[in-house]
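Asker: Next comes entry-v1.tsv, TSV, C-alpha atoms and all ligand atoms:
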chain	number	residue	atom	x	y	z
A	1	MET	CA	66.94	186.92	-49.39
A	2	LYS	CA	68.19	190.36	-50.62
A	3	GLU	CA	65.51	193.09	-50.42
A	4	VAL	CA	63.52	193.70	-53.58
A	5	ASP	CA	61.48	196.83	-54.32
A	6	SER	CA	58.26	196.48	-52.28
A	7	GLN	CA	56.29	198.50	-54.83
A	8	GLN	CA	57.25	195.98	-57.51
A	9	VAL	CA	56.18	193.14	-55.21
A	10	ASP	CA	52.78	194.85	-54.81
A	11	GLN	CA	52.44	195.32	-58.57
A	12	LEU	CA	53.42	191.71	-59.24
A	13	THR	CA	50.97	190.37	-56.63
A	14	GLU	CA	48.15	192.47	-58.04
A	15	ALA	CA	48.90	191.33	-61.60
A	16	VAL	CA	48.97	187.65	-60.58
A	17	LEU	CA	45.76	187.93	-58.53
A	18	ALA	CA	44.04	189.53	-61.53
A	19	SER	CA	44.32	186.28	-63.44
A	20	ALA	CA	41.36	183.88	-62.98
A	21	LYS	CA	43.66	180.90	-62.44
A	22	TYR	CA	45.50	182.45	-59.48
A	23	LYS	CA	42.94	184.80	-57.92
A	24	SER	CA	42.13	182.36	-55.15
A	25	ILE	CA	45.70	181.71	-54.01
A	26	ASP	CA	46.81	183.05	-50.61
A	27	ASP	CA	48.30	186.54	-51.35
A	28	ASP	CA	51.18	186.14	-48.88
A	29	PHE	CA	52.26	183.02	-50.73
A	30	ILE	CA	52.11	184.87	-54.07
A	31	ARG	CA	54.19	187.69	-52.53
A	32	TYR	CA	56.81	185.21	-51.31
A	33	ILE	CA	57.15	183.51	-54.72
A	34	GLY	CA	57.03	186.94	-56.39
A	35	LYS	CA	59.97	188.21	-54.28
A	36	GLN	CA	62.03	185.14	-55.23
A	37	GLU	CA	61.26	185.68	-58.92
A	38	LEU	CA	61.90	189.46	-58.84
A	39	PHE	CA	65.24	188.73	-57.21
A	40	LYS	CA	66.13	186.36	-60.07
A	41	HIS	CA	64.76	188.39	-62.98
A	42	HIS	CA	64.87	192.16	-62.14
A	43	ASN	CA	62.29	192.68	-64.90
A	44	LEU	CA	58.70	192.94	-63.62
A	45	LYS	CA	57.07	191.37	-66.67
A	46	GLU	CA	59.37	188.35	-66.61
A	47	ALA	CA	58.97	188.01	-62.84
A	48	ILE	CA	55.14	187.97	-63.20
A	49	LYS	CA	55.42	185.27	-65.84
A	50	SER	CA	57.77	183.09	-63.81
A	51	THR	CA	55.69	183.57	-60.62
A	52	LYS	CA	52.65	182.26	-62.53
A	53	ASN	CA	54.72	179.32	-63.81
A	54	LYS	CA	55.84	178.42	-60.29
A	55	LEU	CA	52.27	178.70	-58.94
A	56	HIS	CA	51.16	176.45	-61.76
A	57	GLN	CA	53.82	173.85	-60.90
A	58	VAL	CA	52.94	173.74	-57.19
A	59	GLY	CA	49.15	174.10	-57.41
A	60	GLY	CA	47.41	174.75	-60.73
A	61	ALA	CA	48.93	171.70	-62.46
A	62	TYR	CA	46.98	169.39	-60.11
A	63	GLN	CA	43.59	170.87	-61.00
A	64	THR	CA	42.41	168.87	-63.98
A	65	SER	CA	39.91	171.56	-65.05
A	66	THR	CA	38.39	174.75	-63.62
A	67	PRO	CA	36.92	173.68	-60.27
A	68	ARG	CA	33.12	173.93	-60.06
A	69	TYR	CA	32.81	174.17	-56.30
A	70	SER	CA	29.22	175.37	-56.06
A	71	ILE	CA	27.98	172.60	-58.40
A	72	TRP	CA	30.02	170.00	-56.48
A	73	LEU	CA	28.62	171.23	-53.18
A	74	ASP	CA	25.06	171.03	-54.49
A	75	GLU	CA	25.69	167.45	-55.67
A	76	LEU	CA	27.10	166.47	-52.26
A	77	LYS	CA	24.18	168.13	-50.48
A	78	PHE	CA	21.66	166.40	-52.72
A	79	ALA	CA	23.35	162.99	-52.28
A	80	LYS	CA	23.51	163.41	-48.49
A	81	ARG	CA	19.84	164.45	-48.25
A	82	SER	CA	18.77	161.49	-50.42
A	83	GLY	CA	20.02	159.19	-47.64
A	84	ASP	CA	21.65	156.99	-50.31
A	85	GLU	CA	25.13	156.49	-48.82
A	86	ALA	CA	26.48	154.69	-51.92
A	87	HIS	CA	25.47	157.70	-54.04
A	88	PHE	CA	27.18	160.07	-51.57
A	89	LEU	CA	30.41	158.01	-51.79
A	90	ASP	CA	30.19	158.04	-55.61
A	91	MET	CA	29.88	161.85	-55.50
A	92	CYS	CA	32.96	162.17	-53.26
A	93	LYS	CA	34.90	159.98	-55.72
A	94	TRP	CA	33.59	161.92	-58.71
A	95	ILE	CA	34.79	165.22	-57.17
A	96	MET	CA	38.17	163.81	-56.10
A	97	GLN	CA	38.99	163.02	-59.71
A	98	TYR	CA	39.25	166.78	-60.39
A	99	HIS	CA	42.53	166.97	-58.40
A	100	SER	CA	45.09	164.76	-60.10
A	101	SER	CA	46.96	163.91	-56.91
A	102	THR	CA	43.78	162.80	-55.14
A	103	ARG	CA	42.50	161.10	-58.30
A	104	GLU	CA	45.51	158.78	-58.50
A	105	ARG	CA	44.48	157.32	-55.13
A	106	LEU	CA	40.91	156.46	-56.16
A	107	PRO	CA	41.62	152.87	-57.31
A	108	ILE	CA	43.21	152.06	-53.93
A	109	LEU	CA	41.01	154.01	-51.48
A	110	GLU	CA	39.80	150.97	-49.50
A	111	GLN	CA	43.16	149.24	-49.11
A	112	PHE	CA	45.04	152.51	-48.53
A	113	TYR	CA	43.16	153.54	-45.37
A	114	SER	CA	42.54	150.04	-44.04
A	115	ILE	CA	46.30	149.30	-44.12
A	116	ILE	CA	47.41	152.69	-42.78
A	117	PHE	CA	44.86	152.84	-39.95
A	118	ALA	CA	45.50	149.20	-38.98
A	119	ASN	CA	49.02	150.36	-38.11
A	120	LEU	CA	47.90	153.36	-36.03
A	121	PRO	CA	46.49	153.60	-32.50
A	122	PRO	CA	42.90	154.94	-32.16
A	123	ILE	CA	42.83	158.38	-33.78
A	124	ASP	CA	40.92	161.40	-32.41
A	125	SER	CA	42.53	164.19	-34.43
A	126	ILE	CA	43.98	164.48	-37.94
A	127	MET	CA	45.90	167.23	-39.74
A	128	ASP	CA	45.98	167.20	-43.55
A	129	ILE	CA	48.92	169.24	-44.89
A	130	ALA	CA	48.66	170.63	-48.48
A	131	CYS	CA	45.41	168.66	-48.63
A	132	GLY	CA	44.10	169.22	-52.18
A	133	LEU	CA	40.72	167.43	-52.31
A	134	HIS	CA	41.94	164.64	-50.00
A	135	PRO	CA	39.46	165.49	-47.15
A	136	LEU	CA	36.73	164.04	-49.41
A	137	ALA	CA	38.30	160.64	-48.67
A	138	VAL	CA	37.20	160.90	-45.00
A	139	PRO	CA	34.29	158.41	-45.53
A	140	TRP	CA	36.89	155.72	-46.39
A	141	MET	CA	38.82	156.27	-43.15
A	142	PRO	CA	37.92	154.07	-40.19
A	143	LEU	CA	37.35	156.92	-37.70
A	144	SER	CA	35.42	157.35	-34.47
A	145	GLU	CA	32.54	159.84	-34.49
A	146	HIS	CA	34.45	162.31	-32.28
A	147	VAL	CA	37.39	162.72	-34.63
A	148	GLN	CA	38.59	166.23	-35.51
A	149	TYR	CA	39.97	166.95	-38.99
A	150	PHE	CA	42.09	170.02	-39.87
A	151	ALA	CA	42.96	170.62	-43.53
A	152	TYR	CA	45.36	173.19	-45.04
A	153	ASP	CA	46.01	174.38	-48.60
A	154	ILE	CA	46.73	177.68	-50.40
A	155	TYR	CA	43.45	178.03	-52.35
A	156	GLU	CA	40.71	180.08	-50.68
A	157	ASP	CA	37.90	178.74	-52.89
A	158	MET	CA	39.01	175.12	-52.36
A	159	ILE	CA	39.15	175.62	-48.59
A	160	GLY	CA	35.69	177.25	-48.61
A	161	PHE	CA	34.35	174.21	-50.46
A	162	LEU	CA	36.10	171.77	-48.09
A	163	ASN	CA	34.72	173.58	-45.04
A	164	ALA	CA	31.20	173.23	-46.41
A	165	SER	CA	31.84	169.58	-47.39
A	166	LEU	CA	33.29	168.57	-44.02
A	167	ALA	CA	29.86	169.35	-42.56
A	168	PHE	CA	28.53	166.31	-44.49
A	169	MET	CA	31.24	163.98	-43.18
A	170	ALA	CA	31.12	162.41	-39.75
A	171	VAL	CA	33.91	164.65	-38.43
A	172	GLN	CA	34.40	167.97	-36.61
A	173	GLY	CA	37.10	170.40	-37.67
A	174	PHE	CA	37.88	172.91	-40.37
A	175	GLY	CA	39.87	173.75	-43.46
A	176	LYS	CA	42.12	176.80	-43.41
A	177	VAL	CA	44.02	178.74	-46.06
A	178	CYS	CA	47.65	178.35	-45.05
A	179	ASP	CA	51.04	178.42	-46.71
A	180	VAL	CA	52.51	175.50	-44.74
A	181	ILE	CA	56.05	176.43	-45.83
A	182	HIS	CA	55.94	179.63	-43.80
A	183	SER	CA	53.30	178.88	-41.17
A	184	CYS	CA	53.33	175.24	-40.33
A	185	PRO	CA	50.27	174.44	-38.19
A	186	THR	CA	51.43	173.58	-34.68
A	187	GLN	CA	48.39	172.29	-32.79
A	188	LYS	CA	48.79	168.80	-31.32
A	189	VAL	CA	47.12	166.01	-33.31
A	190	ASP	CA	47.27	162.22	-33.31
A	191	VAL	CA	48.20	161.91	-36.97
A	192	ALA	CA	49.26	164.25	-39.78
A	193	PHE	CA	48.87	163.36	-43.45
A	194	ILE	CA	51.63	164.84	-45.62
A	195	LEU	CA	50.55	163.14	-48.81
A	196	LYS	CA	52.62	163.69	-51.95
A	197	ALA	CA	53.32	167.22	-50.65
A	198	ILE	CA	57.07	167.25	-49.94
A	199	PRO	CA	58.34	167.20	-53.57
A	200	CYS	CA	55.91	170.01	-54.39
A	201	LEU	CA	56.82	172.21	-51.38
A	202	GLU	CA	60.55	171.62	-51.89
A	203	GLN	CA	60.25	173.26	-55.32
A	204	VAL	CA	59.72	176.51	-53.41
A	205	ASP	CA	61.98	175.91	-50.40
A	206	LYS	CA	64.48	173.05	-50.22
A	207	GLN	CA	64.18	172.92	-46.40
A	208	ALA	CA	60.37	172.78	-46.37
A	209	GLY	CA	60.09	168.98	-46.07
A	210	LEU	CA	62.51	168.65	-43.17
A	211	ARG	CA	60.96	171.60	-41.34
A	212	LEU	CA	57.47	170.12	-41.62
A	213	LEU	CA	58.58	166.68	-40.41
A	214	GLU	CA	60.29	168.28	-37.41
A	215	THR	CA	57.69	170.93	-36.56
A	216	ILE	CA	54.38	169.11	-36.93
A	217	ASN	CA	53.18	168.20	-33.46
A	218	ALA	CA	51.72	164.76	-34.18
A	219	GLY	CA	52.23	161.33	-32.67
A	220	HIS	CA	52.34	159.84	-36.18
A	221	LEU	CA	53.03	161.21	-39.66
A	222	VAL	CA	51.80	159.58	-42.85
A	223	VAL	CA	54.24	160.84	-45.46
A	224	SER	CA	53.85	159.82	-49.08
A	225	PHE	CA	55.48	160.35	-52.47
A	226	PRO	CA	54.12	159.80	-55.97
A	227	ALA	CA	55.34	156.61	-57.60
A	228	HIS	CA	55.00	158.17	-61.05
A	229	SER	CA	55.11	161.71	-62.45
A	230	LEU	CA	52.04	163.84	-63.34
A	231	GLY	CA	52.58	162.79	-66.96
A	232	GLY	CA	52.44	159.11	-65.92
A	233	LYS	CA	56.13	158.26	-66.48
A	234	ASN	CA	58.00	156.26	-63.85
A	235	LYS	CA	61.56	157.64	-64.05
A	236	SER	CA	62.83	155.62	-61.02
A	237	MET	CA	60.73	157.82	-58.78
A	238	VAL	CA	60.30	155.24	-56.05
A	239	THR	CA	64.05	154.79	-55.61
A	240	ASN	CA	64.74	158.53	-55.71
A	241	TYR	CA	61.98	159.53	-53.28
A	242	GLU	CA	62.83	156.67	-50.96
A	243	SER	CA	66.42	157.85	-50.64
A	244	ARG	CA	65.27	161.48	-50.31
A	245	PHE	CA	62.93	160.49	-47.46
A	246	TYR	CA	65.56	158.42	-45.60
A	247	LYS	CA	67.98	161.35	-45.92
A	248	LEU	CA	65.37	163.63	-44.32
A	249	VAL	CA	64.85	161.34	-41.33
A	250	GLU	CA	68.45	160.21	-40.79
A	251	HIS	CA	69.54	160.72	-37.17
A	252	LYS	CA	65.91	161.08	-36.04
A	253	PRO	CA	64.85	158.81	-33.16
A	254	TRP	CA	61.62	157.90	-34.99
A	255	SER	CA	60.41	154.47	-36.03
A	256	ILE	CA	59.42	154.11	-39.66
A	257	GLN	CA	57.26	151.65	-41.58
A	258	ARG	CA	57.24	151.57	-45.38
A	259	PHE	CA	54.28	150.68	-47.60
A	260	GLU	CA	54.18	150.60	-51.37
A	261	PHE	CA	50.80	151.02	-53.03
A	262	PRO	CA	50.17	151.21	-56.79
A	263	GLY	CA	51.07	154.83	-57.59
A	264	GLU	CA	52.11	155.87	-54.07
A	265	LEU	CA	55.03	155.20	-51.73
A	266	VAL	CA	54.08	155.72	-48.07
A	267	PHE	CA	56.09	156.04	-44.85
A	268	LEU	CA	54.39	155.82	-41.49
A	269	VAL	CA	56.50	157.70	-38.97
A	270	ASN	CA	56.04	157.19	-35.23
A	271	LYS	CA	57.34	160.34	-33.52
A	272	SER	CA	56.00	159.58	-30.04
A	301	LIG	C1	50.69	167.00	-54.91
A	301	LIG	S1	49.29	167.84	-54.33
A	301	LIG	C2	48.89	166.84	-52.91
A	301	LIG	C3	47.42	166.87	-52.56
A	301	LIG	C4	46.98	165.91	-51.45
A	301	LIG	N1	47.87	165.95	-50.33
A	301	LIG	C5	46.89	164.50	-51.99
A	301	LIG	O1	47.88	163.77	-52.02
A	301	LIG	O2	45.79	164.11	-52.43
A	301	LIG	C6	50.03	169.25	-53.62
A	301	LIG	C7	49.05	170.22	-52.95
A	301	LIG	O3	49.84	171.18	-52.24
A	301	LIG	C8	49.18	172.43	-52.28
A	301	LIG	N2	50.23	173.43	-51.94
A	301	LIG	C9	51.24	173.87	-52.73
A	301	LIG	N3	52.01	174.73	-52.04
A	301	LIG	C10	51.48	174.84	-50.79
A	301	LIG	C11	51.84	175.58	-49.62
A	301	LIG	N4	52.91	176.39	-49.61
A	301	LIG	N5	51.07	175.46	-48.51
A	301	LIG	C12	49.97	174.64	-48.53
A	301	LIG	N6	49.59	173.91	-49.60
A	301	LIG	C13	50.33	174.00	-50.72
A	301	LIG	C14	48.64	172.49	-53.69
A	301	LIG	O4	47.61	173.43	-53.83
A	301	LIG	C15	48.18	171.02	-53.90
A	301	LIG	O5	46.82	170.87	-53.53
Rewrite the structure of this file - the entire thing - as structure tokens.

Answerer:
Amino acid sequence: MKEVDSQQVDQLTEAVLASAKYKSIDDDFIRYIGKQELFKHHNLKEAIKSTKNKLHQVGGAYQTSTPRYSIWLDELKFAKRSGDEAHFLDMCKWIMQYHSSTRERLPILEQFYSIIFANLPPIDSIMDIACGLHPLAVPWMPLSEHVQYFAYDIYEDMIGFLNASLAFMAVQGFGKVCDVIHSCPTQKVDVAFILKAIPCLEQVDKQAGLRLLETINAGHLVVSFPAHSLGGKNKSMVTNYESRFYKLVEHKPWSIQRFEFPGELVFLVNKS
């Protein structure tokens, strides 16, 4: 990309971070989007506006209301301490509905993980790319007690909450603020979830999906696509995403299984 004035990038980043909706987003990611938008617009005010729009499209649009992380954490803590496992699961579900991508999976939680994990070897480590609130679905995954779970997203407050919440799940591991487009995690894991993330990341960088599929060091990838848009319309999404996915993996020596769930199209990729 052609160089843009670094002082303008600083000003843009500061202005975006000053807004409550974006203050928790990784600053390097804001700078990257900001540079793209300054390059297109030349005018600082317009570039700030379009940077916010882009950040909304790739992140904010999925948050159904202002997240209340400290209240959610208290509820989880209380449910865990009560020893009532059904109540704890209800709390995880209640919180997951505040991220629209994770919410869409709630009606199929049981079947989703039982089918996916039935097609995987025993799993000791999991990576969750552009995770949203998906780590709260850990209790529905048939995992051994030694499993390690690593989750990545661009929101600092969300990751702080997930780190505290993972302590209540029967897993080790951590959440980390990470722009996976520019710093794809590279540690070796048994399986990586890339759930409904590719269309979102490709809005910022057309090569992001392919790069992630190639770079992630996992025996298996669980890659999914939404089967309807955020507004609920279908628009032949399954057909379009299916052909997009097969284009991404053409010429790769990987074996692929396809699963279609209500609301979600899933590909299980065996890279090993
Ligand atoms: C469609 S949601 C998917 C959430 C989750 N994987 C699921 O299916 O439940 C996309 C997620 O990607 C995150 N995201 C957007 N850009 C990102 C980036 N460059 N690096 C990491 N996460 C990103 C957003 O914050 C959002 O939580």

Asker: Do you know which residues are within 7 Å of ligand LIG 301 (chain A) using all atoms listed in the file? Can you write them as a list in words?

Answerer: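 The residues within 7 Å of ligand LIG 301 (chain A), counting all atoms listed in the file, are Phe29, Val58, Gly59, Tyr62, Ser101, Thr102, Ile129, Ala130, Cys131, Gly132, Leu133, His134, Tyr152, Asp153, Ile154, Tyr155, Cys178, Asp179, Val180, Ile181, Ile194, Leu195, Lys196, Ala197, Cys200 and Leu201 of chain A.
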
Asker: Give me, please, the distance in Å between atom CA of Ile126 of chain A and atom CA of Val147 of chain A, quoted to one decimal.

Answerer: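 Interatomic distance, atom CA of Ile126 of chain A to atom CA of Val147 of chain A: 7.6 Å.
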
Asker: What is the distance between atom CA of Gln11 of chain A and atom CA of Ser65 of chain A, in Å to one decimal?

Answerer: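 So the answer is 27.6 Å.
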
Asker: Return as JSON the box centre and box size in Å, one decimal, for an axis-aligned box around all listed atoms of segment 124-127 of chain A padded by 5 Å per side.

Answerer:
{"center_x": 43.4, "center_y": 164.3, "center_z": -36.1, "size_x": 15.0, "size_y": 15.8, "size_z": 17.3}

Asker: Just checking: using all atoms listed in the file, which residue out of A:Ile256, A:Phe161, A:Phe168, A:Arg211 ends up closest to Ala79 of chain A?

Answerer: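 Ranking A:Ile256, A:Phe161, A:Phe168, A:Arg211 by distance to Ala79 of chain A, first place goes to A:Phe168.
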
Asker: Between atom CA of Asp128 of chain A and atom CA of Lys93 of chain A, measure the distance and give it in Å to one decimal.

Answerer: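 Between atom CA of Asp128 of chain A and atom CA of Lys93 of chain A the gap works out to 18.0 Å.
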
Asker: Taking a cut-off of 8 Å and counting all atoms listed in the file, can you build a table that, for each residue of segment 85-167 of chain A near segment 260-264 of chain A, reports the nearest atom pair and how far apart they are in Å (one decimal), sorted by chain then residue number, as a Markdown table?

Answerer:
| residue | atom | partner | partner_atom | distance |
| --- | --- | --- | --- | --- |
| A:Glu104 | CA | A:Gly263 | CA | 6.9 |
| A:Arg105 | CA | A:Gly263 | CA | 7.5 |
| A:Ile108 | CA | A:Pro262 | CA | 7.6 |
| A:Phe112 | CA | A:Phe261 | CA | 7.5 |

Asker: Using all atoms listed in the file, which residues sit within 9 Å of Arg258 of chain A once same-chain residues fewer than 6 positions away are excluded, as a count of residues only?

Answerer: 5

Asker: With only C-alpha atoms as the basis for distance, which of A:Ile95, A:Lys49, A:Leu213, A:Tyr69 is at the shortest distance from Asn163 of chain A?

Answerer: A:Tyr69

Asker: Could you pull the residues within 12 Å of Lys188 of chain A, counting all atoms listed in the file, minus those fewer than 5 positions along the same chain, as a list in words?

Answerer: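 These residues fall inside the cut-off: Asp124, Ser125, Ile126, Met127, Gln148, Tyr149, Phe150, Thr215, Ile216, Asn217, Ala218, Gly219, His220 and Ser272 of chain A.
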
Asker: I need the residue nearest Val177 of chain A from this list: A:Arg68, A:His41, A:Ala164, A:Met158. Use only C-alpha atoms for the distance.

Answerer: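 Selected residue with least distance to Val177 of chain A: A:Met158.
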
Asker: Mind running segment 64-112 of chain A against segment 140-144 of chain A at 10 Å and telling me each contacting residue's nearest atom pair with the distance in Å (one decimal), counting all atoms listed in the file, chain and number ascending, as a tab-separated table?

Answerer:
residue	atom	partner	partner_atom	distance
A:Leu89	CA	A:Trp140	CA	8.7
A:Leu109	CA	A:Trp140	CA	6.8
A:Glu110	CA	A:Trp140	CA	6.4
A:Gln111	CA	A:Trp140	CA	9.4
A:Phe112	CA	A:Trp140	CA	9.0

Asker: Skipping near chain neighbours, those fewer than 6 positions away, what residues fall within 12 Å of Gln7 of chain A using only C-alpha atoms, listed as a list in words?

Answerer: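 Counting only the stated atoms, we get Thr13, Glu14, Arg31, Gly34, Lys35, Leu38 and Leu44 of chain A.
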
Asker: Leaving out Ser165 of chain A and any residue of its chain fewer than 5 positions from it, which residues lie within 10 Å of it when counting all atoms listed in the file, given as a ChimeraX atom specification?

Answerer: /A:72-74,76-77,92,135-136,159-160,174-175
